[in-house]
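Q: I'm passing along work_5.csv; it holds CSV, C-alpha atoms.
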```csv
chain,number,residue,atom,x,y,z
R,40,MET,CA,31.1,-15.0,-15.9
R,41,SER,CA,28.3,-13.5,-17.9
R,42,LEU,CA,24.7,-14.6,-17.8
R,43,ALA,CA,22.9,-16.2,-20.7
R,44,PRO,CA,21.1,-13.6,-22.8
R,45,GLY,CA,17.6,-15.0,-21.8
R,46,LEU,CA,18.5,-15.1,-18.1
R,47,GLY,CA,20.1,-11.6,-18.3
R,48,ASN,CA,16.9,-10.2,-20.0
R,49,THR,CA,14.7,-11.8,-17.4
R,50,LEU,CA,16.8,-10.4,-14.5
R,51,SER,CA,16.8,-6.9,-16.1
R,52,SER,CA,13.0,-6.9,-16.4
R,53,TRP,CA,12.7,-8.2,-12.8
R,54,LEU,CA,14.9,-5.3,-11.6
R,55,ILE,CA,12.6,-2.9,-13.5
R,56,ALA,CA,9.3,-4.4,-12.3
R,57,PHE,CA,9.9,-5.4,-8.7
R,58,PRO,CA,10.7,-1.9,-7.3
R,59,ALA,CA,7.6,-0.5,-9.0
R,60,LEU,CA,5.3,-3.2,-7.6
R,61,PHE,CA,6.9,-3.0,-4.1
R,62,SER,CA,6.6,0.8,-4.1
R,63,ILE,CA,2.9,0.9,-5.0
R,64,ILE,CA,1.8,-2.1,-2.9
R,65,ASN,CA,4.0,-1.0,0.0
R,66,PRO,CA,3.6,-4.1,2.1
R,67,LEU,CA,5.4,-2.6,5.1
R,68,GLY,CA,2.9,0.2,5.4
R,69,ALA,CA,0.0,-2.2,4.7
R,70,SER,CA,1.2,-4.4,7.5
R,71,LEU,CA,0.1,-1.8,10.1
R,72,ILE,CA,-3.5,-2.1,9.0
R,73,PHE,CA,-3.3,-5.9,8.4
R,74,ALA,CA,-2.2,-6.2,12.0
R,75,GLN,CA,-5.3,-4.3,13.1
R,76,ALA,CA,-7.6,-6.3,10.9
R,77,THR,CA,-6.3,-9.6,12.4
R,78,GLN,CA,-5.9,-8.4,16.0
R,79,GLY,CA,-6.7,-11.1,18.5
R,80,ARG,CA,-6.9,-13.9,16.0
R,81,ASP,CA,-5.2,-17.2,16.3
R,82,ARG,CA,-1.6,-17.3,14.9
R,83,ARG,CA,-2.3,-20.2,12.5
R,84,GLU,CA,-5.4,-18.4,11.1
R,85,VAL,CA,-3.4,-15.2,10.5
R,86,VAL,CA,-0.7,-17.1,8.6
R,87,GLU,CA,-3.3,-18.9,6.5
R,88,LEU,CA,-5.0,-15.6,5.7
R,89,ALA,CA,-1.7,-13.9,4.7
R,90,ARG,CA,-1.0,-16.8,2.3
R,91,GLN,CA,-4.5,-16.6,0.8
R,92,VAL,CA,-4.2,-12.8,0.4
R,93,ALA,CA,-0.8,-13.2,-1.3
R,94,LEU,CA,-2.1,-15.8,-3.7
R,95,ASN,CA,-5.2,-13.8,-4.7
R,96,SER,CA,-3.0,-10.7,-5.1
R,97,LEU,CA,-0.6,-12.7,-7.4
R,98,GLY,CA,-3.6,-13.8,-9.5
R,99,ILE,CA,-4.7,-10.2,-9.9
R,100,MET,CA,-1.3,-9.0,-10.8
R,101,LEU,CA,-0.6,-11.8,-13.4
R,102,VAL,CA,-4.0,-11.2,-15.1
R,103,SER,CA,-3.2,-7.4,-15.3
R,104,ILE,CA,0.3,-8.1,-16.7
R,105,TRP,CA,-0.6,-10.8,-19.3
R,106,PHE,CA,-4.0,-9.5,-20.4
R,107,GLY,CA,-4.2,-5.8,-19.4
R,108,SER,CA,-2.5,-4.5,-22.6
R,109,TRP,CA,-4.5,-6.9,-24.8
R,110,ILE,CA,-7.8,-5.7,-23.3
R,111,LEU,CA,-6.8,-2.1,-23.8
R,112,GLY,CA,-5.5,-2.8,-27.3
R,113,PHE,CA,-8.9,-4.4,-28.1
R,114,PHE,CA,-10.4,-0.9,-27.6
R,115,GLY,CA,-7.9,0.7,-30.0
R,116,ILE,CA,-5.6,2.2,-27.3
R,117,SER,CA,-2.0,2.3,-28.6
R,118,ILE,CA,1.0,1.1,-26.5
R,119,ASN,CA,2.5,4.6,-26.4
R,120,ALA,CA,-0.8,6.1,-25.2
R,121,LEU,CA,-1.0,3.4,-22.6
R,122,ARG,CA,2.5,4.2,-21.4
R,123,ILE,CA,1.8,7.9,-21.1
R,124,THR,CA,-1.5,7.2,-19.3
R,125,GLY,CA,0.0,4.6,-17.0
R,126,GLY,CA,3.0,6.8,-16.3
R,127,LEU,CA,0.7,9.7,-15.3
R,128,VAL,CA,-1.4,7.4,-13.1
R,129,VAL,CA,1.7,6.0,-11.4
R,130,ALA,CA,3.4,9.4,-11.0
R,131,SER,CA,0.2,11.1,-9.6
R,132,ARG,CA,-0.4,8.2,-7.1
R,133,ALA,CA,3.3,8.4,-6.0
R,134,TRP,CA,3.1,12.2,-5.6
R,135,LEU,CA,0.1,11.8,-3.3
R,136,MET,CA,1.9,9.1,-1.3
R,137,LEU,CA,5.0,11.2,-1.1
R,138,LEU,CA,3.2,14.4,0.2
R,139,GLN,CA,0.3,12.9,2.1
R,140,PRO,CA,1.1,9.4,3.4
R,141,GLU,CA,-1.5,9.8,6.1
R,142,THR,CA,-4.2,10.1,3.4
R,143,SER,CA,-3.1,6.9,1.8
R,144,GLU,CA,-3.1,5.1,5.1
R,145,ALA,CA,-6.6,6.3,6.0
R,146,ARG,CA,-7.9,5.1,2.6
R,147,LYS,CA,-6.3,1.7,3.0
R,148,GLU,CA,-7.5,1.4,6.6
R,149,LYS,CA,-11.1,2.1,5.5
R,150,GLN,CA,-10.8,-0.6,2.8
R,151,ALA,CA,-9.2,-3.3,5.1
R,152,LEU,CA,-11.3,-2.6,8.2
R,153,GLN,CA,-14.6,-2.2,6.2
R,154,GLY,CA,-15.4,1.4,7.0
R,155,GLY,CA,-13.2,1.6,10.1
R,156,ARG,CA,-14.7,-1.4,12.0
R,157,THR,CA,-12.5,-4.3,12.9
R,158,VAL,CA,-13.2,-7.4,10.8
R,159,THR,CA,-15.6,-9.6,12.8
R,160,THR,CA,-16.2,-12.3,10.2
R,161,PRO,CA,-16.2,-15.7,12.0
R,162,ASP,CA,-13.9,-17.1,9.2
R,163,LEU,CA,-11.3,-14.6,8.2
R,164,ARG,CA,-10.7,-16.4,4.9
R,165,GLU,CA,-13.9,-14.9,3.6
R,166,THR,CA,-12.1,-11.6,3.5
R,167,ALA,CA,-9.0,-13.0,1.7
R,168,PHE,CA,-10.1,-11.7,-1.7
R,169,PHE,CA,-12.3,-8.8,-0.9
R,170,PRO,CA,-11.3,-6.5,0.7
R,171,LEU,CA,-7.8,-7.6,1.8
R,172,ALA,CA,-6.5,-8.7,-1.6
R,173,MET,CA,-8.5,-6.2,-3.7
R,174,PRO,CA,-8.6,-3.3,-3.3
R,175,PHE,CA,-6.4,-3.2,-0.1
R,176,THR,CA,-3.3,-5.0,-1.3
R,177,VAL,CA,-3.7,-4.7,-5.1
R,178,GLY,CA,-5.9,-1.8,-5.9
R,179,PRO,CA,-6.4,0.4,-9.0
R,180,GLY,CA,-3.0,1.9,-8.6
R,181,SER,CA,-1.2,-1.5,-8.5
R,182,ILE,CA,-3.2,-2.7,-11.5
R,183,SER,CA,-2.3,0.4,-13.4
R,184,VAL,CA,1.4,-0.2,-12.6
R,185,ALA,CA,1.2,-3.8,-13.7
R,186,ILE,CA,-0.5,-2.9,-17.0
R,187,ALA,CA,2.0,-0.1,-17.6
R,188,LEU,CA,4.9,-2.5,-17.0
R,189,SER,CA,3.4,-5.0,-19.4
R,190,SER,CA,3.4,-2.3,-22.1
R,191,SER,CA,7.0,-1.2,-21.5
R,192,THR,CA,8.9,-4.0,-23.2
R,193,PRO,CA,12.3,-2.5,-24.2
R,194,PRO,CA,12.9,-2.6,-28.0
R,195,HIS,CA,16.0,-4.7,-27.7
R,196,MET,CA,14.5,-7.4,-25.4
R,197,PRO,CA,12.4,-10.4,-26.5
R,198,THR,CA,8.8,-10.1,-25.3
R,199,ALA,CA,8.9,-13.5,-23.7
R,200,ASP,CA,12.0,-12.8,-21.6
R,201,TYR,CA,10.5,-9.5,-20.5
R,202,TYR,CA,7.1,-10.9,-19.5
R,203,LEU,CA,8.8,-13.8,-17.7
R,204,GLY,CA,10.8,-11.3,-15.6
R,205,VAL,CA,7.8,-9.1,-14.8
R,206,SER,CA,5.8,-12.2,-13.8
R,207,ALA,CA,8.7,-13.3,-11.6
R,208,ALA,CA,8.7,-9.9,-10.0
R,209,ALA,CA,4.9,-10.3,-9.3
R,210,THR,CA,5.6,-13.7,-7.8
R,211,THR,CA,8.4,-12.3,-5.6
R,212,MET,CA,6.1,-9.5,-4.5
R,213,ALA,CA,3.4,-12.1,-3.5
R,214,VAL,CA,6.0,-14.0,-1.4
R,215,VAL,CA,7.0,-10.7,0.3
R,216,VAL,CA,3.3,-9.9,1.0
R,217,ALA,CA,2.8,-13.4,2.5
R,218,ILE,CA,5.8,-13.1,4.8
R,219,VAL,CA,5.2,-9.5,5.9
R,220,TYR,CA,1.5,-10.0,6.5
R,221,ALA,CA,2.2,-13.2,8.4
R,222,TYR,CA,4.6,-11.3,10.7
R,223,ALA,CA,2.7,-8.0,10.6
R,224,GLU,CA,2.7,-7.6,14.4
R,225,ARG,CA,6.5,-7.9,14.5
R,226,VAL,CA,6.9,-5.5,11.6
R,227,VAL,CA,4.7,-3.0,13.4
R,228,ALA,CA,6.7,-3.4,16.6
R,229,MET,CA,10.0,-3.1,14.8
R,230,LEU,CA,9.3,-0.1,12.6
R,231,GLY,CA,6.5,1.7,14.4
R,232,VAL,CA,4.3,4.3,12.7
R,233,THR,CA,7.1,6.8,12.1
R,234,GLY,CA,9.4,4.3,10.6
R,235,THR,CA,6.7,2.9,8.3
R,236,ARG,CA,5.9,6.4,7.0
R,237,ILE,CA,9.6,7.0,6.3
R,238,VAL,CA,9.8,3.7,4.3
R,239,SER,CA,6.5,4.7,2.5
R,240,ARG,CA,8.0,8.1,1.5
R,241,LEU,CA,11.1,6.4,0.1
R,242,ALA,CA,9.0,3.9,-1.8
R,243,ALA,CA,6.9,6.8,-3.1
R,244,LEU,CA,10.0,8.6,-4.4
R,245,ILE,CA,11.1,5.5,-6.3
R,246,LEU,CA,7.6,5.0,-7.7
R,247,LEU,CA,7.5,8.7,-8.9
R,248,ALA,CA,10.7,8.2,-10.8
R,249,ILE,CA,9.4,5.0,-12.4
R,250,GLY,CA,6.2,6.7,-13.4
R,251,VAL,CA,8.1,9.6,-15.0
R,252,GLN,CA,10.3,7.0,-16.8
R,253,ILE,CA,7.2,5.1,-18.2
R,254,LEU,CA,5.7,8.5,-19.2
R,255,ALA,CA,8.9,9.5,-21.0
R,256,SER,CA,9.1,6.2,-22.9
R,257,GLY,CA,5.6,6.8,-24.2
R,258,ALA,CA,6.4,10.3,-25.3
R,259,GLU,CA,9.6,9.0,-27.0
R,260,GLY,CA,7.5,6.4,-28.8
R,261,PHE,CA,5.1,9.0,-30.2
R,262,LEU,CA,8.1,11.2,-31.3
R,263,VAL,CA,9.8,8.3,-33.0
R,264,GLU,CA,6.6,7.3,-34.7
R,265,ALA,CA,6.0,10.9,-35.9
R,266,LEU,CA,9.5,11.2,-37.3
R,267,ARG,CA,9.2,7.9,-39.1
R,268,GLN,CA,5.9,9.0,-40.7
R,269,ALA,CA,7.5,12.3,-41.7
R,270,LYS,CA,10.4,10.5,-43.4
R,271,ALA,CA,8.0,8.2,-45.2
R,272,SER,CA,6.0,11.1,-46.5
```
Could you rewrite the structure in this file as structure tokens?

A:
Amino acid sequence: MSLAPGLGNTLSSWLIAFPALFSIINPLGASLIFAQATQGRDRREVVELARQVALNSLGIMLVSIWFGSWILGFFGISINALRITGGLVVASRAWLMLLQPETSEARKEKQALQGGRTVTTPDLRETAFFPLAMPFTVGPGSISVAIALSSSTPPHMPTADYYLGVSAAATTMAVVVAIVYAYAERVVAMLGVTGTRIVSRLAALILLAIGVQILASGAEGFLVEALRQAKAS
């Protein structure tokens, strides 16, 4: 039994977007630091904080997906240029994550723990947007991925179906963040530091391939446009 065209397109775009977002956000790796940031806190407070961080992260991702390309287009940046730039940013970030996961962990730890100090705010919800949602969970790299995804609509797919699938992927990612952060201590106990770094490297490898694919689609777009102009002349 085949899926309806619209549902099939949405599922295809979800399958493109979710691995990219999962790889750059890396909630399993981030859970190590989130557990440190909430150490000693009441269980109910940690769960509420995880939910707030996930909702804030979803808002940032959706704004990047729906309006990022439009904002860049306002400044005269073409879709193909955006794809190439986004692909380069994604690939370079993935390369760093692949070769130096410890560096990425140290940067995220500094962001989440406010310069290496455990968060001591009486109400942890004050940190739900900054720094735990942005830049810890959804930082410049994640925003770049979201914008690059929004500019990568396949030529054969309706834009509405594609954006729906990418938005669904962002929503799924937010649900994953909420669950993993809420159970961060258990994730840390299950995976440990070594296991988390293995997962991080696998995610970085996937992200590198996605970045190269986005870059290639931008280069292909420029080539097709140049051939079309050459035929026209």

Q: Go through R:Asn119, R:Thr235, R:Thr166, R:Thr49 and flag the residue nearest Ala89 in chain R, using only C-alpha atoms for the distances.

A: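 Checking each candidate against Ala89 in chain R, we get R:Thr166 as the closest.
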
Q: Would you kindly identify which residues have an atom no farther than 12 Å from (6.4, -6.4, 13.8), using all atoms listed in the file and the file's own coordinates, and write them out as a list in words?

A: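 Residues with an atom at most 12 Å from (6.4, -6.4, 13.8): Leu67, Gly68, Ala69, Ser70, Leu71, Ile72, Phe73, Ala74, Gln75, Ile218, Val219, Tyr220, Ala221, Tyr222, Ala223, Glu224, Arg225, Val226, Val227, Ala228, Met229, Leu230, Gly231, Val232, Gly234 and Thr235 of chain R.
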
Q: Quick one, how far is CA of Ala133 in chain R from CA of Phe106 in chain R?

A: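 About the pair CA of Ala133 in chain R and CA of Phe106 in chain R: they are 24.1 Å apart.
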
Q: Just want the 8 Å neighbourhood of Met212 in chain R, counted on all atoms listed in the file, with same-chain residues fewer than 2 positions away dropped. Output as an MDAnalysis selection string.

A: chainID R and resid 57 60:61 97 208:210 214:216

Q: From the options R:Ile63, R:Ala93, R:Ala56, R:Ile118, which residue's atoms come nearest to Ser256 in chain R, counting only C-alpha atoms?

A: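 Among the listed residues, R:Ile118 lies closest to Ser256 in chain R.
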
Q: Applying 12 Å and all atoms listed in the file, which residues near Leu111 in chain R remain after dropping the ones on its own chain fewer than 3 positions away? List them as a list of chain:residue names.

A: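 Returned residues: R:Ser103, R:Ile104, R:Trp105, R:Phe106, R:Gly107, R:Ser108, R:Phe114, R:Gly115, R:Ile116, R:Ser117, R:Ile118, R:Asn119, R:Ala120, R:Leu121, R:Arg122, R:Thr124, R:Gly125, R:Ser183, R:Ile186, R:Ala187, R:Ser189, R:Ser190.
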
Q: Do you have the CA of Leu138 in chain R-CA of Arg236 in chain R distance handy?

A: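 Calculated distance between CA of Leu138 in chain R and CA of Arg236 in chain R is 10.8 Å.
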
Q: How far is it from CA of Ile64 in chain R to CA of Ala248 in chain R, in Å with one decimal?

A: 15.7 Å

Q: Point out the residue among R:Leu101, R:Ile249, R:Ala199, R:Val86 with the least atom-to-atom distance to Ile182 in chain R, counting all atoms listed in the file.

A: R:Leu101

Q: Do you know which residues are at most 7 Å from Ala172 in chain R counting all atoms listed in the file, after dropping those on the same chain fewer than 5 positions away, and could you put them as number ranges by chain?

A: R: 92, 95-96, 167, 177

Q: Kindly indicate which residue among R:Ala242, R:Ala255, R:Leu94, R:Ile99 lies nearest to Gly178 in chain R, using all atoms listed in the file for the distances.

A: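 The shortest atom-to-atom distance to Gly178 in chain R comes from R:Ile99.
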